[in-house]
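Okay, start-v4.pdb now, which holds PDB, C-alpha atoms, pLDDT in the B column:
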ATOM      1  CA  GLN R   1      -8.099   1.184  -6.880  1.00 78.00           C
ATOM      2  CA  VAL R   2      -5.006   1.097  -4.671  1.00 88.00           C
ATOM      3  CA  GLN R   3      -2.518  -1.739  -4.994  1.00 93.00           C
ATOM      4  CA  LEU R   4      -0.401  -2.678  -1.989  1.00 95.00           C
ATOM      5  CA  THR R   5       2.882  -4.582  -2.084  1.00 95.00           C
ATOM      6  CA  GLU R   6       4.562  -5.860   1.074  1.00 96.00           C
ATOM      7  CA  SER R   7       8.212  -6.683   1.550  1.00 96.00           C
ATOM      8  CA  GLY R   8      10.683  -7.269   4.345  1.00 97.00           C
ATOM      9  CA  GLY R   9       9.568 -10.578   5.765  1.00 96.00           C
ATOM     10  CA  GLY R  10      11.985 -13.357   6.596  1.00 97.00           C
ATOM     11  CA  LEU R  11      13.432 -15.611   9.254  1.00 98.00           C
ATOM     12  CA  VAL R  12      14.701 -14.135  12.497  1.00 98.00           C
ATOM     13  CA  GLN R  13      15.639 -15.446  15.904  1.00 98.00           C
ATOM     14  CA  ALA R  14      13.560 -14.679  18.961  1.00 98.00           C
ATOM     15  CA  GLY R  15      14.434 -11.266  20.323  1.00 98.00           C
ATOM     16  CA  GLY R  16      15.383  -9.989  16.897  1.00 98.00           C
ATOM     17  CA  SER R  17      13.869  -7.309  14.705  1.00 98.00           C
ATOM     18  CA  LEU R  18      12.388  -6.939  11.241  1.00 98.00           C
ATOM     19  CA  ARG R  19      10.927  -4.024   9.341  1.00 98.00           C
ATOM     20  CA  LEU R  20       8.074  -4.650   6.944  1.00 98.00           C
ATOM     21  CA  SER R  21       7.272  -2.249   4.140  1.00 98.00           C
ATOM     22  CA  CYS R  22       4.033  -1.713   2.252  1.00 96.00           C
ATOM     23  CA  ALA R  23       4.314   0.291  -0.945  1.00 94.00           C
ATOM     24  CA  ALA R  24       1.102   1.725  -2.352  1.00 92.00           C
ATOM     25  CA  SER R  25       0.518   2.374  -6.021  1.00 90.00           C
ATOM     26  CA  GLY R  26      -0.604   5.891  -6.686  1.00 75.00           C
ATOM     27  CA  ARG R  27      -0.667   8.692  -4.176  1.00 74.00           C
ATOM     28  CA  ILE R  28      -1.990   7.946  -0.731  1.00 74.00           C
ATOM     29  CA  LEU R  29      -4.405  10.637   0.306  1.00 81.00           C
ATOM     30  CA  SER R  30      -4.604  12.113   3.767  1.00 82.00           C
ATOM     31  CA  SER R  31      -8.049  10.574   4.074  1.00 87.00           C
ATOM     32  CA  TYR R  32      -6.700   7.045   4.015  1.00 93.00           C
ATOM     33  CA  ALA R  33      -6.225   4.553   6.832  1.00 95.00           C
ATOM     34  CA  MET R  34      -3.540   1.877   6.545  1.00 96.00           C
ATOM     35  CA  GLY R  35      -2.634  -1.065   8.683  1.00 97.00           C
ATOM     36  CA  TRP R  36      -1.166  -4.498   9.201  1.00 98.00           C
ATOM     37  CA  ILE R  37      -2.925  -7.759   9.858  1.00 98.00           C
ATOM     38  CA  ARG R  38      -1.385 -11.159  10.456  1.00 98.00           C
ATOM     39  CA  LEU R  39      -2.596 -14.688   9.956  1.00 97.00           C
ATOM     40  CA  ALA R  40      -0.959 -17.680  11.575  1.00 95.00           C
ATOM     41  CA  PRO R  41      -1.860 -21.350  11.078  1.00 90.00           C
ATOM     42  CA  GLY R  42      -4.575 -22.423  13.445  1.00 92.00           C
ATOM     43  CA  LYS R  43      -5.170 -18.901  14.721  1.00 94.00           C
ATOM     44  CA  GLU R  44      -7.670 -16.202  13.903  1.00 94.00           C
ATOM     45  CA  ARG R  45      -6.488 -13.267  11.862  1.00 94.00           C
ATOM     46  CA  GLU R  46      -5.334 -10.415  14.021  1.00 96.00           C
ATOM     47  CA  PHE R  47      -5.236  -6.765  13.056  1.00 97.00           C
ATOM     48  CA  ILE R  48      -2.188  -5.572  14.922  1.00 97.00           C
ATOM     49  CA  ALA R  49      -1.495  -1.990  13.907  1.00 98.00           C
ATOM     50  CA  ALA R  50      -3.126   0.863  12.009  1.00 98.00           C
ATOM     51  CA  ILE R  51      -2.387   4.461  11.144  1.00 96.00           C
ATOM     52  CA  LYS R  52      -4.396   7.382   9.863  1.00 94.00           C
ATOM     53  CA  TRP R  53      -2.437   8.859   6.984  1.00 89.00           C
ATOM     54  CA  GLY R  54      -3.581  12.357   7.770  1.00 87.00           C
ATOM     55  CA  GLY R  55      -2.369  13.276  11.229  1.00 87.00           C
ATOM     56  CA  GLY R  56      -0.547  10.020  11.817  1.00 91.00           C
ATOM     57  CA  ALA R  57      -2.632   8.700  14.712  1.00 95.00           C
ATOM     58  CA  THR R  58      -1.634   5.116  15.473  1.00 97.00           C
ATOM     59  CA  TYR R  59      -3.432   2.155  16.983  1.00 97.00           C
ATOM     60  CA  TYR R  60      -2.094  -1.160  18.244  1.00 97.00           C
ATOM     61  CA  ALA R  61      -3.369  -4.506  19.371  1.00 97.00           C
ATOM     62  CA  ASP R  62      -2.406  -5.308  22.942  1.00 96.00           C
ATOM     63  CA  SER R  63      -0.316  -8.251  21.750  1.00 96.00           C
ATOM     64  CA  VAL R  64       2.191  -5.996  19.981  1.00 97.00           C
ATOM     65  CA  LYS R  65       1.948  -2.722  21.881  1.00 97.00           C
ATOM     66  CA  GLY R  66       5.382  -1.575  22.976  1.00 97.00           C
ATOM     67  CA  ARG R  67       7.166  -3.936  20.567  1.00 98.00           C
ATOM     68  CA  PHE R  68       5.864  -2.938  17.132  1.00 98.00           C
ATOM     69  CA  THR R  69       5.729   0.525  15.589  1.00 98.00           C
ATOM     70  CA  ILE R  70       3.714   1.552  12.545  1.00 98.00           C
ATOM     71  CA  SER R  71       4.781   4.600  10.566  1.00 96.00           C
ATOM     72  CA  ARG R  72       4.364   6.179   7.151  1.00 94.00           C
ATOM     73  CA  ASP R  73       6.476   8.001   4.616  1.00 92.00           C
ATOM     74  CA  ASN R  74       4.476  10.492   2.610  1.00 86.00           C
ATOM     75  CA  ALA R  75       7.109  10.935  -0.077  1.00 86.00           C
ATOM     76  CA  GLU R  76       7.502   7.199  -0.621  1.00 88.00           C
ATOM     77  CA  ASN R  77       3.793   6.301  -0.311  1.00 90.00           C
ATOM     78  CA  THR R  78       4.909   3.581   2.040  1.00 94.00           C
ATOM     79  CA  VAL R  79       3.754   2.233   5.384  1.00 96.00           C
ATOM     80  CA  TYR R  80       6.236   0.513   7.661  1.00 97.00           C
ATOM     81  CA  LEU R  81       5.934  -1.915  10.526  1.00 98.00           C
ATOM     82  CA  GLN R  82       9.006  -1.996  12.742  1.00 98.00           C
ATOM     83  CA  MET R  83       8.937  -5.190  14.773  1.00 98.00           C
ATOM     84  CA  ASP R  84      11.252  -5.455  17.758  1.00 98.00           C
ATOM     85  CA  GLY R  85      11.489  -8.092  20.440  1.00 97.00           C
ATOM     86  CA  LEU R  86      10.053 -10.702  18.130  1.00 98.00           C
ATOM     87  CA  GLU R  87       8.705 -13.890  19.668  1.00 97.00           C
ATOM     88  CA  PRO R  88       7.921 -17.272  18.090  1.00 96.00           C
ATOM     89  CA  GLU R  89       4.246 -16.409  18.574  1.00 96.00           C
ATOM     90  CA  ASP R  90       4.696 -13.576  16.055  1.00 97.00           C
ATOM     91  CA  THR R  91       5.251 -16.114  13.276  1.00 97.00           C
ATOM     92  CA  ALA R  92       2.602 -15.470  10.639  1.00 98.00           C
ATOM     93  CA  VAL R  93       1.907 -14.092   7.203  1.00 98.00           C
ATOM     94  CA  TYR R  94       1.659 -10.323   7.492  1.00 98.00           C
ATOM     95  CA  TYR R  95      -0.670  -8.404   5.203  1.00 98.00           C
ATOM     96  CA  CYS R  96      -0.909  -4.710   4.529  1.00 97.00           C
ATOM     97  CA  ALA R  97      -4.401  -3.224   4.264  1.00 97.00           C
ATOM     98  CA  GLY R  98      -5.931   0.117   3.432  1.00 95.00           C
ATOM     99  CA  ARG R  99      -9.188   2.021   3.089  1.00 95.00           C
ATOM    100  CA  LEU R 100     -10.690   5.449   3.383  1.00 93.00           C
ATOM    101  CA  ALA R 101     -10.657   6.715   6.924  1.00 93.00           C
ATOM    102  CA  ALA R 102     -13.909   7.897   8.475  1.00 91.00           C
ATOM    103  CA  PRO R 103     -14.406  10.806  10.901  1.00 90.00           C
ATOM    104  CA  ALA R 104     -16.101   8.420  13.305  1.00 92.00           C
ATOM    105  CA  ASP R 105     -13.233   5.934  13.303  1.00 94.00           C
ATOM    106  CA  THR R 106     -12.266   4.603  16.697  1.00 94.00           C
ATOM    107  CA  ARG R 107      -9.538   2.225  17.813  1.00 95.00           C
ATOM    108  CA  ARG R 108     -12.068  -0.562  17.414  1.00 95.00           C
ATOM    109  CA  THR R 109     -12.871   0.273  13.797  1.00 96.00           C
ATOM    110  CA  MET R 110      -9.283   1.053  12.891  1.00 96.00           C
ATOM    111  CA  LEU R 111      -8.276  -2.454  14.055  1.00 96.00           C
ATOM    112  CA  ASN R 112     -11.216  -4.254  12.439  1.00 95.00           C
ATOM    113  CA  TYR R 113     -10.086  -6.026   9.273  1.00 94.00           C
ATOM    114  CA  LYS R 114     -13.662  -6.131   7.961  1.00 95.00           C
ATOM    115  CA  THR R 115     -13.586  -2.372   7.389  1.00 94.00           C
ATOM    116  CA  TYR R 116     -10.586  -2.504   5.034  1.00 96.00           C
ATOM    117  CA  THR R 117     -10.845  -2.467   1.257  1.00 95.00           C
ATOM    118  CA  TRP R 118      -7.396  -2.950  -0.240  1.00 95.00           C
ATOM    119  CA  TRP R 119      -5.053  -5.827   0.596  1.00 96.00           C
ATOM    120  CA  GLY R 120      -1.526  -6.810  -0.259  1.00 97.00           C
ATOM    121  CA  GLN R 121      -0.357 -10.316  -1.086  1.00 97.00           C
ATOM    122  CA  GLY R 122       1.333 -10.905   2.262  1.00 97.00           C
ATOM    123  CA  THR R 123       4.857 -11.532   3.467  1.00 97.00           C
ATOM    124  CA  GLN R 124       5.988 -14.401   5.691  1.00 98.00           C
ATOM    125  CA  VAL R 125       7.602 -13.701   9.048  1.00 98.00           C
ATOM    126  CA  THR R 126       9.113 -16.646  10.889  1.00 98.00           C
ATOM    127  CA  VAL R 127      10.576 -16.299  14.362  1.00 98.00           C
ATOM    128  CA  SER R 128      12.684 -19.186  15.609  1.00 97.00           C
ATOM    129  CA  SER R 129      13.133 -19.972  19.291  1.00 94.00           C
TER     130      SER R 129
END

Once more with this new file: its structure as structure tokens, please.
Amino acid sequence: QVQLTESGGGLVQAGGSLRLSCAASGRILSSYAMGWIRLAPGKEREFIAAIKWGGGATYYADSVKGRFTISRDNAENTVYLQMDGLEPEDTAVYYCAGRLAAPADTRRTMLNYKTYTWWGQGTQVTVSS
């Protein structure tokens, strides 16, 4: 069982930046996939970014492509989400997620929250206009 703990959320003005962190208990294996999903009031959950731990391939939802960057630190067992150019529409609770990666994984499966096993408790991001 992997436990995930997010941090780094907060209040920021539109156009600003935040970096979210997701620390994993235990050692993350190269066979893992990790990602970020967000949930805003009145909206469907949206899986916005994912990364394959082995190899580092990244995947993004169109809504954040070019503004957000997902990365990992092997030594720290941590996944990051660098968020630049934040907009009020980015306001949401952001959750870290993880699972075992599969050889057949595609962008569609990597960004499908239903395929993920482990979840963090979430961190609030609020972007003011």

Evaluate the PyMOL selection byres ((chain R and resi 68) around 8) here and jot the selected residues down as a PyMOL selection string. chain R and resi 64-67+69-70+81-84

Have a look at atom CA of Val127 of chain R and atom CA of Trp53 of chain R and let me know their distance in Å, one decimal. 29.3 Å

Would you place a box with edges along x, y and z of the file around all atoms of segment 65-84 of chain R listed there, add 3 Å to each of its six sides, and report the centre and edge lengths in Å to one decimal, as JSON?
{"center_x": 6.6, "center_y": 2.7, "center_z": 11.2, "size_x": 15.3, "size_y": 22.4, "size_z": 29.6}

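Closest approach to Lys43 of chain R from the set R:Gln13, R:Gln3, R:Thr91, R:Gln124 is made by R:Thr91, with distances taken over all atoms listed in the file.
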
Can you list, as a PDB file with C-alpha atoms, in the frame of the given file, the residues that the PyMOL selection byres ((chain R and resi 105) around 12) selects here?
ATOM      1  CA  SER R  31      -8.049  10.574   4.074  1.00 87.00           C
ATOM      2  CA  TYR R  32      -6.700   7.045   4.015  1.00 93.00           C
ATOM      3  CA  ALA R  33      -6.225   4.553   6.832  1.00 95.00           C
ATOM      4  CA  ALA R  50      -3.126   0.863  12.009  1.00 98.00           C
ATOM      5  CA  ILE R  51      -2.387   4.461  11.144  1.00 96.00           C
ATOM      6  CA  LYS R  52      -4.396   7.382   9.863  1.00 94.00           C
ATOM      7  CA  ALA R  57      -2.632   8.700  14.712  1.00 95.00           C
ATOM      8  CA  THR R  58      -1.634   5.116  15.473  1.00 97.00           C
ATOM      9  CA  TYR R  59      -3.432   2.155  16.983  1.00 97.00           C
ATOM     10  CA  ARG R  99      -9.188   2.021   3.089  1.00 95.00           C
ATOM     11  CA  LEU R 100     -10.690   5.449   3.383  1.00 93.00           C
ATOM     12  CA  ALA R 101     -10.657   6.715   6.924  1.00 93.00           C
ATOM     13  CA  ALA R 102     -13.909   7.897   8.475  1.00 91.00           C
ATOM     14  CA  PRO R 103     -14.406  10.806  10.901  1.00 90.00           C
ATOM     15  CA  ALA R 104     -16.101   8.420  13.305  1.00 92.00           C
ATOM     16  CA  THR R 106     -12.266   4.603  16.697  1.00 94.00           C
ATOM     17  CA  ARG R 107      -9.538   2.225  17.813  1.00 95.00           C
ATOM     18  CA  ARG R 108     -12.068  -0.562  17.414  1.00 95.00           C
ATOM     19  CA  THR R 109     -12.871   0.273  13.797  1.00 96.00           C
ATOM     20  CA  MET R 110      -9.283   1.053  12.891  1.00 96.00           C
ATOM     21  CA  LEU R 111      -8.276  -2.454  14.055  1.00 96.00           C
ATOM     22  CA  ASN R 112     -11.216  -4.254  12.439  1.00 95.00           C
ATOM     23  CA  THR R 115     -13.586  -2.372   7.389  1.00 94.00           C
TER      24      THR R 115
END

For the file shown, what are the residues hit by the PyMOL selection byres ((chain R and resi 125) around 10), laid out as number ranges by chain? R: 8-12, 18, 20, 38, 40, 86, 88, 90-94, 122-124, 126-128

Serialized selection, C-alpha atoms, as a PDB file, in the frame of the given file:
ATOM      1  CA  GLY R   8      10.683  -7.269   4.345  1.00 97.00           C
ATOM      2  CA  GLY R   9       9.568 -10.578   5.765  1.00 96.00           C
ATOM      3  CA  GLY R  10      11.985 -13.357   6.596  1.00 97.00           C
ATOM      4  CA  LEU R  11      13.432 -15.611   9.254  1.00 98.00           C
ATOM      5  CA  VAL R  12      14.701 -14.135  12.497  1.00 98.00           C
ATOM      6  CA  LEU R  18      12.388  -6.939  11.241  1.00 98.00           C
ATOM      7  CA  LEU R  20       8.074  -4.650   6.944  1.00 98.00           C
ATOM      8  CA  ARG R  38      -1.385 -11.159  10.456  1.00 98.00           C
ATOM      9  CA  ALA R  40      -0.959 -17.680  11.575  1.00 95.00           C
ATOM     10  CA  LEU R  86      10.053 -10.702  18.130  1.00 98.00           C
ATOM     11  CA  PRO R  88       7.921 -17.272  18.090  1.00 96.00           C
ATOM     12  CA  ASP R  90       4.696 -13.576  16.055  1.00 97.00           C
ATOM     13  CA  THR R  91       5.251 -16.114  13.276  1.00 97.00           C
ATOM     14  CA  ALA R  92       2.602 -15.470  10.639  1.00 98.00           C
ATOM     15  CA  VAL R  93       1.907 -14.092   7.203  1.00 98.00           C
ATOM     16  CA  TYR R  94       1.659 -10.323   7.492  1.00 98.00           C
ATOM     17  CA  GLY R 122       1.333 -10.905   2.262  1.00 97.00           C
ATOM     18  CA  THR R 123       4.857 -11.532   3.467  1.00 97.00           C
ATOM     19  CA  GLN R 124       5.988 -14.401   5.691  1.00 98.00           C
ATOM     20  CA  THR R 126       9.113 -16.646  10.889  1.00 98.00           C
ATOM     21  CA  VAL R 127      10.576 -16.299  14.362  1.00 98.00           C
ATOM     22  CA  SER R 128      12.684 -19.186  15.609  1.00 97.00           C
TER      23      SER R 128
END

When you count all atoms listed in the file, which of these residues is closest to Ala24 of chain R: R:Phe47, R:Tyr60, R:Tyr116, R:Tyr80? R:Tyr80

Residues near Val2 of chain R, cut-off 7 Å, only C-alpha atoms, skip fewer than 6 positions along chain, as a list in words: Ala24, Ser25, Gly26 and Trp118 of chain R

With C-alpha atoms retained, write the just-selected residues as an mmCIF file, keeping the file's coordinate frame.
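Here's the written file part05.cif:
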data_model
loop_
_atom_site.group_PDB
_atom_site.id
_atom_site.type_symbol
_atom_site.label_atom_id
_atom_site.label_comp_id
_atom_site.auth_asym_id
_atom_site.auth_seq_id
_atom_site.Cartn_x
_atom_site.Cartn_y
_atom_site.Cartn_z
ATOM 1 C CA ALA R 24 1.102 1.725 -2.352
ATOM 2 C CA SER R 25 0.518 2.374 -6.021
ATOM 3 C CA GLY R 26 -0.604 5.891 -6.686
ATOM 4 C CA TRP R 118 -7.396 -2.950 -0.240
#

What separation in Å, quoted to one decimal, exists between atom CA of Ile37 of chain R and atom CA of Glu89 of chain R? 14.2 Å

Just checking: using only C-alpha atoms, which residue out of R:Ala61, R:Ile48, R:Leu39, R:Leu4 ends up closest to Ala97 of chain R? R:Leu4

Looking at R:Gln1, R:Thr117, R:Thr78, R:Ser71, which one is nearest to Gly55 of chain R, with distances taken over all atoms listed in the file?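 Nearest to Gly55 of chain R: R:Ser71.
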
Calculate how many Å separate atom CA of Ala75 of chain R from atom CA of Arg27 of chain R, rounding to one decimal.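 Computing it gives 9.1 Å between the two atoms.
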
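The residue that comes closest to Tyr95 of chain R, out of R:Ser21, R:Asn74, R:Pro41, R:Trp119 and on the basis of all atoms listed in the file, is R:Trp119.
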
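Of the listed residues (R:Glu87, R:Glu46, R:Asp62, R:Asp73), R:Asp73 comes nearest to Ala23 of chain R; the distances count only C-alpha atoms.
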
Can I get segment 2-13 of chain R with all heavy atoms filled in, as a PDB file, in the coordinates of the input?
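Output contents, as saved in result31.pdb:
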ATOM      1  N   VAL R   2      -6.358   1.002  -5.210  1.00 88.00           N
ATOM      2  CA  VAL R   2      -5.006   1.097  -4.671  1.00 88.00           C
ATOM      3  C   VAL R   2      -4.422  -0.302  -4.600  1.00 88.00           C
ATOM      4  O   VAL R   2      -5.064  -1.230  -4.101  1.00 88.00           O
ATOM      5  CB  VAL R   2      -5.022   1.737  -3.269  1.00 88.00           C
ATOM      6  CG1 VAL R   2      -3.622   1.714  -2.664  1.00 88.00           C
ATOM      7  CG2 VAL R   2      -5.562   3.160  -3.346  1.00 88.00           C
ATOM      8  N   GLN R   3      -3.218  -0.451  -5.093  1.00 93.00           N
ATOM      9  CA  GLN R   3      -2.518  -1.739  -4.994  1.00 93.00           C
ATOM     10  C   GLN R   3      -1.427  -1.626  -3.942  1.00 93.00           C
ATOM     11  O   GLN R   3      -0.685  -0.642  -3.903  1.00 93.00           O
ATOM     12  CB  GLN R   3      -1.932  -2.135  -6.343  1.00 93.00           C
ATOM     13  CG  GLN R   3      -2.992  -2.480  -7.373  1.00 93.00           C
ATOM     14  CD  GLN R   3      -2.395  -2.987  -8.673  1.00 93.00           C
ATOM     15  OE1 GLN R   3      -1.350  -2.539  -9.106  1.00 93.00           O
ATOM     16  NE2 GLN R   3      -3.070  -3.940  -9.288  1.00 93.00           N
ATOM     17  N   LEU R   4      -1.349  -2.664  -3.095  1.00 95.00           N
ATOM     18  CA  LEU R   4      -0.401  -2.678  -1.989  1.00 95.00           C
ATOM     19  C   LEU R   4       0.578  -3.834  -2.163  1.00 95.00           C
ATOM     20  O   LEU R   4       0.162  -4.954  -2.466  1.00 95.00           O
ATOM     21  CB  LEU R   4      -1.146  -2.819  -0.657  1.00 95.00           C
ATOM     22  CG  LEU R   4      -2.239  -1.788  -0.389  1.00 95.00           C
ATOM     23  CD1 LEU R   4      -2.984  -2.126   0.909  1.00 95.00           C
ATOM     24  CD2 LEU R   4      -1.663  -0.391  -0.331  1.00 95.00           C
ATOM     25  N   THR R   5       1.849  -3.560  -1.936  1.00 95.00           N
ATOM     26  CA  THR R   5       2.882  -4.582  -2.084  1.00 95.00           C
ATOM     27  C   THR R   5       3.764  -4.591  -0.848  1.00 95.00           C
ATOM     28  O   THR R   5       4.428  -3.591  -0.547  1.00 95.00           O
ATOM     29  CB  THR R   5       3.749  -4.318  -3.322  1.00 95.00           C
ATOM     30  OG1 THR R   5       2.907  -4.230  -4.481  1.00 95.00           O
ATOM     31  CG2 THR R   5       4.756  -5.442  -3.511  1.00 95.00           C
ATOM     32  N   GLU R   6       3.752  -5.741  -0.135  1.00 96.00           N
ATOM     33  CA  GLU R   6       4.562  -5.860   1.074  1.00 96.00           C
ATOM     34  C   GLU R   6       5.940  -6.419   0.753  1.00 96.00           C
ATOM     35  O   GLU R   6       6.124  -7.134  -0.235  1.00 96.00           O
ATOM     36  CB  GLU R   6       3.897  -6.813   2.085  1.00 96.00           C
ATOM     37  CG  GLU R   6       2.506  -6.427   2.508  1.00 96.00           C
ATOM     38  CD  GLU R   6       1.450  -7.181   1.731  1.00 96.00           C
ATOM     39  OE1 GLU R   6       1.723  -7.565   0.571  1.00 96.00           O
ATOM     40  OE2 GLU R   6       0.351  -7.391   2.262  1.00 96.00           O
ATOM     41  N   SER R   7       6.869  -6.110   1.629  1.00 96.00           N
ATOM     42  CA  SER R   7       8.212  -6.683   1.550  1.00 96.00           C
ATOM     43  C   SER R   7       8.841  -6.622   2.935  1.00 96.00           C
ATOM     44  O   SER R   7       8.316  -5.941   3.829  1.00 96.00           O
ATOM     45  CB  SER R   7       9.077  -5.933   0.534  1.00 96.00           C
ATOM     46  OG  SER R   7       9.232  -4.579   0.923  1.00 96.00           O
ATOM     47  N   GLY R   8       9.942  -7.352   3.097  1.00 97.00           N
ATOM     48  CA  GLY R   8      10.683  -7.269   4.345  1.00 97.00           C
ATOM     49  C   GLY R   8      10.549  -8.454   5.269  1.00 97.00           C
ATOM     50  O   GLY R   8      11.190  -8.500   6.321  1.00 97.00           O
ATOM     51  N   GLY R   9       9.700  -9.408   4.911  1.00 96.00           N
ATOM     52  CA  GLY R   9       9.568 -10.578   5.765  1.00 96.00           C
ATOM     53  C   GLY R   9      10.806 -11.455   5.705  1.00 96.00           C
ATOM     54  O   GLY R   9      11.710 -11.240   4.895  1.00 96.00           O
ATOM     55  N   GLY R  10      10.852 -12.453   6.585  1.00 97.00           N
ATOM     56  CA  GLY R  10      11.985 -13.357   6.596  1.00 97.00           C
ATOM     57  C   GLY R  10      12.039 -14.158   7.867  1.00 97.00           C
ATOM     58  O   GLY R  10      11.058 -14.232   8.615  1.00 97.00           O
ATOM     59  N   LEU R  11      13.196 -14.777   8.080  1.00 98.00           N
ATOM     60  CA  LEU R  11      13.432 -15.611   9.254  1.00 98.00           C
ATOM     61  C   LEU R  11      14.331 -14.852  10.219  1.00 98.00           C
ATOM     62  O   LEU R  11      15.374 -14.322   9.818  1.00 98.00           O
ATOM     63  CB  LEU R  11      14.093 -16.918   8.823  1.00 98.00           C
ATOM     64  CG  LEU R  11      14.556 -17.865   9.933  1.00 98.00           C
ATOM     65  CD1 LEU R  11      13.357 -18.363  10.735  1.00 98.00           C
ATOM     66  CD2 LEU R  11      15.337 -19.032   9.343  1.00 98.00           C
ATOM     67  N   VAL R  12      13.936 -14.835  11.476  1.00 98.00           N
ATOM     68  CA  VAL R  12      14.701 -14.135  12.497  1.00 98.00           C
ATOM     69  C   VAL R  12      14.634 -14.911  13.796  1.00 98.00           C
ATOM     70  O   VAL R  12      13.646 -15.625  14.041  1.00 98.00           O
ATOM     71  CB  VAL R  12      14.169 -12.691  12.673  1.00 98.00           C
ATOM     72  CG1 VAL R  12      12.757 -12.691  13.210  1.00 98.00           C
ATOM     73  CG2 VAL R  12      15.091 -11.861  13.540  1.00 98.00           C
ATOM     74  N   GLN R  13      15.646 -14.781  14.613  1.00 98.00           N
ATOM     75  CA  GLN R  13      15.639 -15.446  15.904  1.00 98.00           C
ATOM     76  C   GLN R  13      14.820 -14.650  16.911  1.00 98.00           C
ATOM     77  O   GLN R  13      14.655 -13.427  16.778  1.00 98.00           O
ATOM     78  CB  GLN R  13      17.065 -15.608  16.421  1.00 98.00           C
ATOM     79  CG  GLN R  13      17.872 -16.649  15.663  1.00 98.00           C
ATOM     80  CD  GLN R  13      19.211 -16.931  16.329  1.00 98.00           C
ATOM     81  OE1 GLN R  13      19.786 -16.059  16.978  1.00 98.00           O
ATOM     82  NE2 GLN R  13      19.700 -18.147  16.161  1.00 98.00           N
TER      83      GLN R  13
END
